[in-house]
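Novice: You'll find target_38.cif just under this line, and it carries mmCIF, C-alpha atoms.
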data_start
#
loop_
_atom_site.label_atom_id
_atom_site.label_comp_id
_atom_site.auth_asym_id
_atom_site.auth_seq_id
_atom_site.Cartn_x
_atom_site.Cartn_y
_atom_site.Cartn_z
CA MET A 495 0.00 0.00 0.00
CA THR A 496 2.81 2.42 0.88
CA ALA A 497 4.56 1.86 -2.46
CA ALA A 498 1.26 2.17 -4.34
CA ILE A 499 0.80 5.65 -2.87
CA LEU A 500 4.36 6.95 -3.00
CA LEU A 501 5.29 5.82 -6.52
CA PRO A 502 2.58 7.85 -8.32
CA LEU A 503 3.43 10.87 -6.15
CA LEU A 504 7.12 10.53 -7.04
CA LEU A 505 6.35 10.25 -10.75
CA ALA A 506 4.03 13.25 -10.59
CA LEU A 507 6.70 15.31 -8.83
CA VAL A 508 9.40 14.39 -11.33
CA CYS A 509 7.21 14.81 -14.41
CA TRP A 510 5.23 17.93 -13.55
CA GLY A 511 6.93 19.59 -10.58
CA SER A 512 9.08 22.68 -11.07
CA THR A 513 12.75 22.36 -10.18
CA PRO A 514 12.37 24.56 -7.03
CA LEU A 515 9.45 22.37 -5.92
CA VAL A 516 11.51 19.24 -6.54
CA PHE A 517 14.31 20.75 -4.45
CA GLY A 518 11.93 21.61 -1.61
CA VAL A 519 10.39 18.14 -1.48
CA LEU A 520 13.76 16.40 -1.76
CA THR A 521 15.21 18.60 0.96
CA ALA A 522 12.45 17.42 3.29
CA VAL A 523 13.25 13.84 2.28
CA GLY A 524 16.93 14.54 2.89
CA VAL A 525 16.20 15.74 6.42
CA VAL A 526 14.33 12.49 7.13
CA ILE A 527 17.23 10.46 5.73
CA ALA A 528 19.67 12.42 7.89
CA TRP A 529 17.55 11.69 10.97
CA GLU A 530 17.66 7.97 10.18
CA TRP A 531 21.38 8.06 9.37
CA ALA A 532 22.06 9.57 12.79
CA GLY A 533 20.35 6.52 14.29
CA LEU A 534 23.07 4.34 12.75
CA THR A 535 25.72 6.30 14.67
CA ALA A 536 26.16 7.22 18.31
CA LEU A 537 23.82 10.20 17.73
CA ARG A 538 20.78 8.21 18.84
CA GLY A 539 19.21 10.68 21.26
CA GLY A 540 16.26 12.64 19.95
CA ALA A 541 17.88 16.05 20.42
CA ALA A 542 21.15 14.99 18.77
CA ARG A 543 19.35 13.44 15.82
CA ALA A 544 17.14 16.50 15.34
CA LEU A 545 20.15 18.81 15.47
CA TYR A 546 22.02 16.69 12.94
CA ALA A 547 19.03 16.52 10.58
CA ALA A 548 18.58 20.30 10.81
CA MET A 549 22.27 20.80 10.10
CA VAL A 550 22.07 18.66 6.96
CA GLY A 551 19.02 20.62 5.84
CA GLY A 552 20.94 23.85 6.44
CA PHE A 553 23.88 22.63 4.36
CA LEU A 554 21.48 21.75 1.55
CA LEU A 555 19.89 25.19 1.56
CA ALA A 556 23.28 26.92 1.69
CA ALA A 557 24.67 24.85 -1.19
CA TRP A 558 21.54 25.32 -3.31
CA ASN A 559 21.62 29.10 -2.92
CA SER A 560 25.36 29.48 -3.46
CA PRO A 561 26.40 31.20 -6.71
CA GLN A 562 29.22 28.63 -6.93
CA ARG A 563 26.88 25.64 -6.73
CA ASP A 564 27.27 24.42 -10.30
CA SER A 565 30.82 25.62 -10.95
CA HIS A 566 32.59 24.43 -7.79
CA ILE A 567 30.41 22.99 -5.02
CA LEU A 568 28.59 20.23 -6.89
CA PRO A 569 31.62 18.97 -8.88
CA THR A 570 33.70 18.81 -5.69
CA LEU A 571 30.97 16.95 -3.80
CA LEU A 572 30.50 14.53 -6.69
CA TRP A 573 34.19 13.65 -6.79
CA LEU A 574 34.36 13.17 -3.00
CA THR A 575 31.27 10.97 -3.07
CA ALA A 576 32.60 8.91 -5.98
CA LEU A 577 35.87 8.36 -4.11
CA TRP A 578 33.92 7.10 -1.08
CA TRP A 579 31.96 4.60 -3.14
CA LEU A 580 35.18 3.46 -4.79
CA ALA A 581 36.86 2.92 -1.41
CA VAL A 582 34.08 1.48 0.76
CA PRO A 583 34.19 -2.07 -0.73
CA LEU A 584 37.55 -2.41 1.03
CA LEU A 585 35.54 -2.68 4.26
CA PHE A 586 33.39 -5.55 2.99
CA GLY A 587 36.05 -8.26 2.97
CA GLY A 588 37.02 -8.02 6.64
CA PHE A 589 33.53 -7.34 7.96
CA PRO A 590 32.51 -7.52 10.78
CA GLU A 591 35.83 -8.03 12.55
CA ASN A 592 37.43 -4.92 11.06
CA LEU A 593 34.72 -2.53 12.26
CA GLN A 594 34.53 -4.29 15.62
CA ARG A 595 38.24 -3.72 16.18
CA LYS A 596 38.21 -0.16 14.88
CA PRO A 597 34.74 1.40 14.52
CA ILE A 598 34.27 4.42 12.30
CA PRO A 599 34.27 7.50 14.59
CA THR A 600 30.92 9.20 15.14
CA LEU A 601 32.17 12.48 13.69
CA ALA A 602 33.34 10.71 10.53
CA MET A 603 29.98 8.93 10.17
CA ALA A 604 28.16 12.24 10.62
CA ALA A 605 30.35 13.90 7.98
CA LEU A 606 29.83 10.96 5.63
CA GLY A 607 26.06 11.09 5.99
CA THR A 608 26.09 14.83 5.32
CA LEU A 609 28.22 14.35 2.21
CA LEU A 610 26.03 11.58 0.79
CA VAL A 611 22.68 13.25 1.45
CA VAL A 612 23.67 16.74 0.30
CA THR A 613 25.42 15.46 -2.83
CA THR A 614 22.57 13.15 -3.83
CA ILE A 615 19.85 15.77 -3.39
CA LEU A 616 21.84 18.38 -5.33
CA ALA A 617 22.59 15.85 -8.07
CA LEU A 618 18.93 14.82 -8.37
CA VAL A 619 17.79 18.42 -8.66
CA THR A 620 20.58 19.21 -11.12
CA LEU A 621 19.50 16.32 -13.35
CA HIS A 622 15.90 17.50 -13.17
CA GLY A 623 16.90 21.02 -14.20
CA MET A 624 18.84 19.92 -17.30
CA ASP A 625 17.46 19.89 -20.83
CA ASN A 626 15.24 16.80 -21.05
CA GLY A 627 15.79 16.63 -17.29
CA THR A 628 12.65 14.69 -16.45
CA ALA A 629 13.64 11.85 -18.76
CA ARG A 630 17.24 11.91 -17.50
CA LEU A 631 16.14 11.69 -13.89
CA LEU A 632 13.68 8.91 -14.62
CA TYR A 633 16.39 7.08 -16.53
CA VAL A 634 18.74 6.85 -13.56
CA LEU A 635 15.93 5.96 -11.14
CA PHE A 636 14.75 3.14 -13.41
CA LEU A 637 18.38 2.05 -13.85
CA VAL A 638 18.56 1.46 -10.10
CA PHE A 639 15.21 -0.34 -10.28
CA ALA A 640 16.52 -2.52 -13.12
CA ALA A 641 19.62 -3.46 -11.13
CA ASP A 642 17.49 -4.43 -8.14
CA THR A 643 14.82 -6.25 -10.16
CA GLY A 644 17.28 -8.16 -12.33
CA ALA A 645 19.26 -9.19 -9.27
CA TYR A 646 16.14 -10.39 -7.49
CA PHE A 647 14.84 -12.65 -10.26
CA ALA A 648 18.26 -13.91 -11.40
CA GLY A 649 19.19 -14.58 -7.79
CA ARG A 650 16.03 -16.58 -7.18
CA ARG A 651 16.54 -18.65 -10.32
CA PHE A 652 20.30 -19.07 -10.49
CA GLY A 653 21.73 -17.80 -7.20
CA LYS A 654 24.29 -20.13 -5.62
CA ARG A 655 27.36 -18.09 -4.66
CA LYS A 656 26.90 -15.48 -1.94
CA LEU A 657 27.95 -11.95 -2.86
CA ALA A 658 28.57 -10.69 0.69
CA PRO A 659 27.36 -13.38 3.11
CA LYS A 660 28.25 -11.52 6.32
CA ILE A 661 26.59 -8.31 5.17
CA SER A 662 23.57 -9.34 3.10
CA PRO A 663 23.17 -13.14 2.95
CA GLY A 664 20.29 -12.97 0.47
CA LYS A 665 22.36 -11.44 -2.33
CA SER A 666 24.21 -13.66 -4.80
CA ILE A 667 26.87 -13.15 -7.43
CA GLU A 668 24.56 -14.62 -10.06
CA GLY A 669 21.88 -12.15 -9.00
CA ALA A 670 24.30 -9.27 -9.45
CA TYR A 671 25.09 -10.49 -12.96
CA GLY A 672 21.37 -10.62 -13.72
CA GLY A 673 20.95 -7.07 -12.51
CA LEU A 674 23.83 -5.87 -14.66
CA ALA A 675 22.41 -7.67 -17.71
CA LEU A 676 19.03 -5.97 -17.33
CA CYS A 677 20.78 -2.63 -16.79
CA ALA A 678 22.76 -3.11 -20.02
CA LEU A 679 19.52 -3.56 -21.98
CA TRP A 680 17.98 -0.51 -20.33
CA ALA A 681 21.16 1.47 -21.03
CA VAL A 682 21.04 0.73 -24.76
CA ALA A 683 17.42 1.89 -24.87
CA GLY A 684 18.26 4.97 -22.80
CA ALA A 685 21.25 5.87 -24.96
CA ILE A 686 19.16 5.85 -28.14
CA PHE A 687 15.75 7.10 -27.04
CA ILE A 688 16.53 9.38 -24.06
CA PHE A 689 20.04 10.70 -24.62
CA ASP A 690 19.79 10.59 -28.44
CA LEU A 691 23.14 8.85 -28.93
CA HIS A 692 23.65 6.99 -32.20
CA GLY A 693 27.37 6.43 -32.76
CA VAL A 694 28.60 3.02 -31.63
CA SER A 695 31.34 4.52 -29.47
CA GLN A 696 28.87 6.91 -27.83
CA VAL A 697 26.39 4.16 -27.08
CA LEU A 698 29.07 1.82 -25.73
CA GLY A 699 30.49 4.59 -23.55
CA PHE A 700 27.05 5.32 -22.15
CA VAL A 701 26.35 1.63 -21.51
CA LEU A 702 29.68 1.34 -19.68
CA LEU A 703 28.81 4.36 -17.53
CA SER A 704 25.41 2.86 -16.75
CA LEU A 705 27.00 -0.45 -15.70
CA VAL A 706 29.37 1.43 -13.39
CA VAL A 707 26.34 3.18 -11.91
CA ALA A 708 24.59 -0.18 -11.48
CA VAL A 709 27.60 -1.55 -9.61
CA ALA A 710 27.59 1.58 -7.45
CA SER A 711 23.94 0.97 -6.60
CA ILE A 712 24.81 -2.52 -5.37
CA VAL A 713 27.66 -1.10 -3.29
CA GLY A 714 25.29 1.49 -1.82
CA ASP A 715 22.83 -1.21 -0.80
CA LEU A 716 25.55 -3.33 0.80
CA THR A 717 27.02 -0.33 2.61
CA GLU A 718 23.77 0.55 4.34
CA SER A 719 23.27 -3.12 5.26
CA MET A 720 26.77 -3.13 6.76
CA PHE A 721 26.11 -0.02 8.83
CA LYS A 722 22.77 -1.40 10.04
CA ARG A 723 24.49 -4.57 11.20
CA VAL A 724 27.07 -2.50 13.07
CA ALA A 725 24.26 -0.53 14.70
CA GLY A 726 22.31 -3.72 15.47
CA VAL A 727 19.11 -2.64 13.71
CA LYS A 728 17.00 -4.33 11.04
CA ASP A 729 15.63 -1.15 9.46
CA SER A 730 16.85 2.43 9.47
CA GLY A 731 13.42 3.66 10.55
CA THR A 732 9.68 3.07 10.53
CA ILE A 733 8.38 6.02 8.52
CA LEU A 734 7.27 3.80 5.62
CA PRO A 735 4.92 1.08 6.92
CA GLY A 736 6.00 -2.30 5.62
CA HIS A 737 9.15 -0.85 4.03
CA GLY A 738 11.22 0.34 6.99
CA GLY A 739 12.86 3.74 6.80
CA MET A 740 13.42 6.21 4.01
CA LEU A 741 17.12 5.36 4.02
CA ASP A 742 16.26 1.71 3.37
CA ARG A 743 14.49 2.76 0.16
CA VAL A 744 17.20 5.09 -1.17
CA ASP A 745 20.48 3.42 -0.15
CA SER A 746 21.22 2.46 -3.76
CA ILE A 747 20.23 5.91 -5.01
CA LEU A 748 22.74 7.57 -2.66
CA ALA A 749 25.45 5.85 -4.68
CA ALA A 750 23.95 5.69 -8.15
CA VAL A 751 22.78 9.26 -8.65
CA PRO A 752 26.07 11.04 -7.80
CA VAL A 753 28.08 8.59 -9.91
CA MET A 754 25.67 9.00 -12.84
CA THR A 755 25.71 12.79 -12.58
CA LEU A 756 29.51 12.88 -12.46
CA GLY A 757 29.70 10.53 -15.44
CA LEU A 758 27.33 12.66 -17.50
CA MET A 759 29.42 15.73 -16.72
CA LEU A 760 32.65 13.99 -17.73
CA LEU A 761 31.08 12.69 -20.95
CA GLU A 762 29.48 16.10 -21.56
CA LEU A 763 26.06 14.55 -22.09
#
Before anything else, please render the file you have as structure tokens.
Specialist:
Amino acid sequence: MTAAILLPLLLALVCWGSTPLVFGVLTAVGVVIAWEWAGLTALRGGAARALYAAMVGGFLLAAWNSPQRDSHILPTLLWLTALWWLAVPLLFGGFPENLQRKPIPTLAMAALGTLLVVTTILALVTLHGMDNGTARLLYVLFLVFAADTGAYFAGRRFGKRKLAPKISPGKSIEGAYGGLALCALWAVAGAIFIFDLHGVSQVLGFVLLSLVVAVASIVGDLTESMFKRVAGVKDSGTILPGHGGMLDRVDSILAAVPVMTLGLMLLEL
């Protein structure tokens, strides 16, 4: 029921909402995500979580209204976020012993959450504000959906080898391959019909970028699962009945959207 209500609202916002309206709604969502992220750290008291969520909202407003948003702030945030998603898989192999021996400091977790939320919201709004922005934004959201859907069905049918058994036992390597295969098909369609690319090299480059984004979405999902296990919680929150917290729904997006936005900038698409 929750998904049946939220999905049409999301599509309506993306398709017909103005960019300032999209920013306002996503900022509110970002504040909720920040509240839930704080619950995965030592900032579990109500006052501390509220202060942290307000701080993240303040950073979002400041970045959005800065005259250097597009020229300096967003590119810098995108590179920092991409570096995080490139580095975090190093924690997967030794989990949970590595984080039990040396937990990530609370201040570092707070800074990380701020970086991920602010960057993702700014990237989403930037995509929406581009030429053909609605289609671009829907493309990356459906790319994440394709990665998740392909992984689910391929994993159920062919899954034998665990992808990260100590972090997310239900995910398999075969499932990940299935997700990437579905993403490749969606990427070819997106390259031709959404981004209007026709040269073979252009299409292949775009498909490669989309596969990198799909891998990032998997890493984002695993990362939140890892942090929830460290915190000893099943869900990040309860705001979405039957679906857990907002962070549980967007963990893949926190990785995919910044990587996609950075890739589009580098490819000048």
Novice: Can you tell me how far CA of Ser730 in chain A sits from CA of Asp742 in chain A, in Å to one decimal?
Specialist: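 Between CA of Ser730 in chain A and CA of Asp742 in chain A the gap is 6.2 Å.
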Novice: Name every residue that the PyMOL selection byres ((chain A and resi 732) around 12) selects in this structure, writing the answer as a list in words with chains first and numbers rising.
Specialist: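 Checked against the file, the PyMOL selection byres ((chain A and resi 732) around 12) matches Thr496, Val526, Ile527, Trp529, Glu530, Gly533, Val727, Lys728, Asp729, Ser730, Gly731, Ile733, Leu734, Pro735, Gly736, His737, Gly738, Gly739, Met740, Leu741, Asp742 and Arg743 of chain A.
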Novice: From the options A:Trp579, A:Tyr671, A:Phe689, A:Tyr646, which residue's atoms come nearest to Arg630 in chain A, counting all atoms listed in the file?
Specialist: A:Phe689
Novice: Could you please determine the separation between CA of Gly726 in chain A and CA of Leu593 in chain A in Å, to one decimal place?
Specialist: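 Distance reported for this atom pair: 12.9 Å.
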Novice: Between A:Val694, A:Thr614, A:Asp715, A:Gly684, which residue has the minimum interatomic distance to Ser662 in chain A, considering all atoms listed in the file?
Specialist: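 Of all the options, A:Asp715 lies closest to Ser662 in chain A.
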Novice: Could you check which of A:Thr608, A:Thr717, A:Ser565, A:Ser746 is closest to Phe636 in chain A, using all atoms listed in the file?
Specialist: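 Of A:Thr608, A:Thr717, A:Ser565, A:Ser746, the one nearest Phe636 in chain A is A:Ser746, counting all atoms listed in the file.
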Novice: What is the distance between CA of Ala544 in chain A and CA of Gln562 in chain A, in Å to one decimal?
Specialist: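 Calculated distance between CA of Ala544 in chain A and CA of Gln562 in chain A is 28.1 Å.
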Novice: Output the residue selection produced by the PyMOL selection byres ((chain A and resi 641) around 7) on the file above, formatted as a PDB file with C-alpha atoms, keeping the file's coordinate frame.
Specialist:
ATOM      1  CA  LEU A 637      18.380   2.050 -13.850  1.00  0.00           C
ATOM      2  CA  VAL A 638      18.560   1.460 -10.100  1.00  0.00           C
ATOM      3  CA  PHE A 639      15.210  -0.340 -10.280  1.00  0.00           C
ATOM      4  CA  ALA A 640      16.520  -2.520 -13.120  1.00  0.00           C
ATOM      5  CA  ASP A 642      17.490  -4.430  -8.140  1.00  0.00           C
ATOM      6  CA  THR A 643      14.820  -6.250 -10.160  1.00  0.00           C
ATOM      7  CA  GLY A 644      17.280  -8.160 -12.330  1.00  0.00           C
ATOM      8  CA  ALA A 645      19.260  -9.190  -9.270  1.00  0.00           C
ATOM      9  CA  GLY A 673      20.950  -7.070 -12.510  1.00  0.00           C
ATOM     10  CA  LEU A 674      23.830  -5.870 -14.660  1.00  0.00           C
ATOM     11  CA  LEU A 676      19.030  -5.970 -17.330  1.00  0.00           C
ATOM     12  CA  CYS A 677      20.780  -2.630 -16.790  1.00  0.00           C
ATOM     13  CA  ALA A 708      24.590  -0.180 -11.480  1.00  0.00           C
TER      14      ALA A 708
END
Novice: Can you tell me, as a list in words, what residues are no more than 12 Å from Ala602 in chain A when counting only C-alpha atoms, ignoring any on the same chain fewer than 4 positions away?
Specialist: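 The contact residues come out as Ala532, Thr535, Ala536, Leu537, Pro597, Ile598, Leu606, Gly607, Thr608 and Leu609 of chain A.
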Novice: Using all atoms listed in the file, which of the listed residues (A:Leu610, A:Val525, A:Ala685, A:Leu616) sits closest to Leu568 in chain A?
Specialist: A:Leu616
Novice: Starting from the shown file, work through the PyMOL selection byres ((chain A and resi 751) around 12) and note down what comes out as a compact mmCIF listing (two decimals) with C-alpha atoms, in the coordinates of the input.
Specialist:
# COMPACT_ATOMS: atom_id res chain seq x y z
CA LEU A 572 30.50 14.53 -6.69
CA THR A 575 31.27 10.97 -3.07
CA ALA A 576 32.60 8.91 -5.98
CA TRP A 579 31.96 4.60 -3.14
CA LEU A 610 26.03 11.58 0.79
CA VAL A 611 22.68 13.25 1.45
CA VAL A 612 23.67 16.74 0.30
CA THR A 613 25.42 15.46 -2.83
CA THR A 614 22.57 13.15 -3.83
CA ILE A 615 19.85 15.77 -3.39
CA LEU A 616 21.84 18.38 -5.33
CA ALA A 617 22.59 15.85 -8.07
CA LEU A 618 18.93 14.82 -8.37
CA VAL A 619 17.79 18.42 -8.66
CA THR A 620 20.58 19.21 -11.12
CA LEU A 621 19.50 16.32 -13.35
CA HIS A 622 15.90 17.50 -13.17
CA ARG A 630 17.24 11.91 -17.50
CA LEU A 631 16.14 11.69 -13.89
CA LEU A 632 13.68 8.91 -14.62
CA TYR A 633 16.39 7.08 -16.53
CA VAL A 634 18.74 6.85 -13.56
CA LEU A 635 15.93 5.96 -11.14
CA PHE A 636 14.75 3.14 -13.41
CA LEU A 637 18.38 2.05 -13.85
CA VAL A 638 18.56 1.46 -10.10
CA LEU A 703 28.81 4.36 -17.53
CA SER A 704 25.41 2.86 -16.75
CA VAL A 706 29.37 1.43 -13.39
CA VAL A 707 26.34 3.18 -11.91
CA ALA A 708 24.59 -0.18 -11.48
CA VAL A 709 27.60 -1.55 -9.61
CA ALA A 710 27.59 1.58 -7.45
CA SER A 711 23.94 0.97 -6.60
CA GLY A 714 25.29 1.49 -1.82
CA VAL A 744 17.20 5.09 -1.17
CA ASP A 745 20.48 3.42 -0.15
CA SER A 746 21.22 2.46 -3.76
CA ILE A 747 20.23 5.91 -5.01
CA LEU A 748 22.74 7.57 -2.66
CA ALA A 749 25.45 5.85 -4.68
CA ALA A 750 23.95 5.69 -8.15
CA PRO A 752 26.07 11.04 -7.80
CA VAL A 753 28.08 8.59 -9.91
CA MET A 754 25.67 9.00 -12.84
CA THR A 755 25.71 12.79 -12.58
CA LEU A 756 29.51 12.88 -12.46
CA GLY A 757 29.70 10.53 -15.44
CA LEU A 758 27.33 12.66 -17.50
Novice: Hey, which of A:Val697, A:Leu584, A:Leu534, A:Leu577 ends up closest to Ser719 in chain A? Count all atoms listed in the file.
Specialist: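 Looking at the shortest contact to Ser719 in chain A, the residue is A:Leu534.
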Novice: Looking at all atoms listed in the file, which of A:Ala605, A:Leu574, A:Val519, A:Ala581 is the one that sits closest to Met549 in chain A?
Specialist: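 Among A:Ala605, A:Leu574, A:Val519, A:Ala581, it is A:Ala605 that comes nearest to Met549 in chain A.
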Novice: Output as a short mmCIF file (atom, residue, chain, number, x, y, z; two decimals), in the coordinates of the input: range 646-663 of chain A, completed with N, CA and C atoms.
Specialist:
data_model
loop_
_atom_site.label_atom_id
_atom_site.label_comp_id
_atom_site.auth_asym_id
_atom_site.auth_seq_id
_atom_site.Cartn_x
_atom_site.Cartn_y
_atom_site.Cartn_z
N TYR A 646 17.11 -9.60 -8.25
CA TYR A 646 16.14 -10.39 -7.49
C TYR A 646 15.74 -11.66 -8.25
N PHE A 647 15.33 -11.49 -9.50
CA PHE A 647 14.84 -12.65 -10.26
C PHE A 647 15.98 -13.59 -10.66
N ALA A 648 17.12 -13.04 -11.05
CA ALA A 648 18.26 -13.91 -11.40
C ALA A 648 18.77 -14.64 -10.16
N GLY A 649 18.75 -13.95 -9.03
CA GLY A 649 19.19 -14.58 -7.79
C GLY A 649 18.28 -15.72 -7.37
N ARG A 650 16.98 -15.52 -7.53
CA ARG A 650 16.03 -16.58 -7.18
C ARG A 650 16.18 -17.79 -8.08
N ARG A 651 16.47 -17.54 -9.35
CA ARG A 651 16.54 -18.65 -10.32
C ARG A 651 17.90 -19.31 -10.34
N PHE A 652 18.96 -18.52 -10.27
CA PHE A 652 20.30 -19.07 -10.49
C PHE A 652 21.24 -18.91 -9.29
N GLY A 653 20.82 -18.16 -8.28
CA GLY A 653 21.73 -17.80 -7.20
C GLY A 653 22.29 -18.97 -6.42
N LYS A 654 23.61 -19.09 -6.39
CA LYS A 654 24.29 -20.13 -5.62
C LYS A 654 25.42 -19.55 -4.77
N ARG A 655 26.20 -18.65 -5.36
CA ARG A 655 27.36 -18.09 -4.66
C ARG A 655 26.97 -16.77 -3.99
N LYS A 656 27.25 -16.67 -2.69
CA LYS A 656 26.90 -15.48 -1.94
C LYS A 656 27.80 -14.31 -2.34
N LEU A 657 27.19 -13.14 -2.50
CA LEU A 657 27.95 -11.95 -2.86
C LEU A 657 28.68 -11.37 -1.66
N ALA A 658 27.98 -11.23 -0.54
CA ALA A 658 28.57 -10.69 0.69
C ALA A 658 27.84 -11.34 1.86
N PRO A 659 28.16 -12.60 2.17
CA PRO A 659 27.36 -13.38 3.11
C PRO A 659 27.26 -12.79 4.51
N LYS A 660 28.29 -12.08 4.97
CA LYS A 660 28.25 -11.52 6.32
C LYS A 660 27.55 -10.17 6.37
N ILE A 661 27.25 -9.61 5.22
CA ILE A 661 26.59 -8.31 5.17
C ILE A 661 25.14 -8.45 4.74
N SER A 662 24.92 -9.15 3.63
CA SER A 662 23.57 -9.34 3.10
C SER A 662 23.46 -10.75 2.52
N PRO A 663 23.14 -11.73 3.37
CA PRO A 663 23.17 -13.14 2.95
C PRO A 663 22.25 -13.47 1.78
#
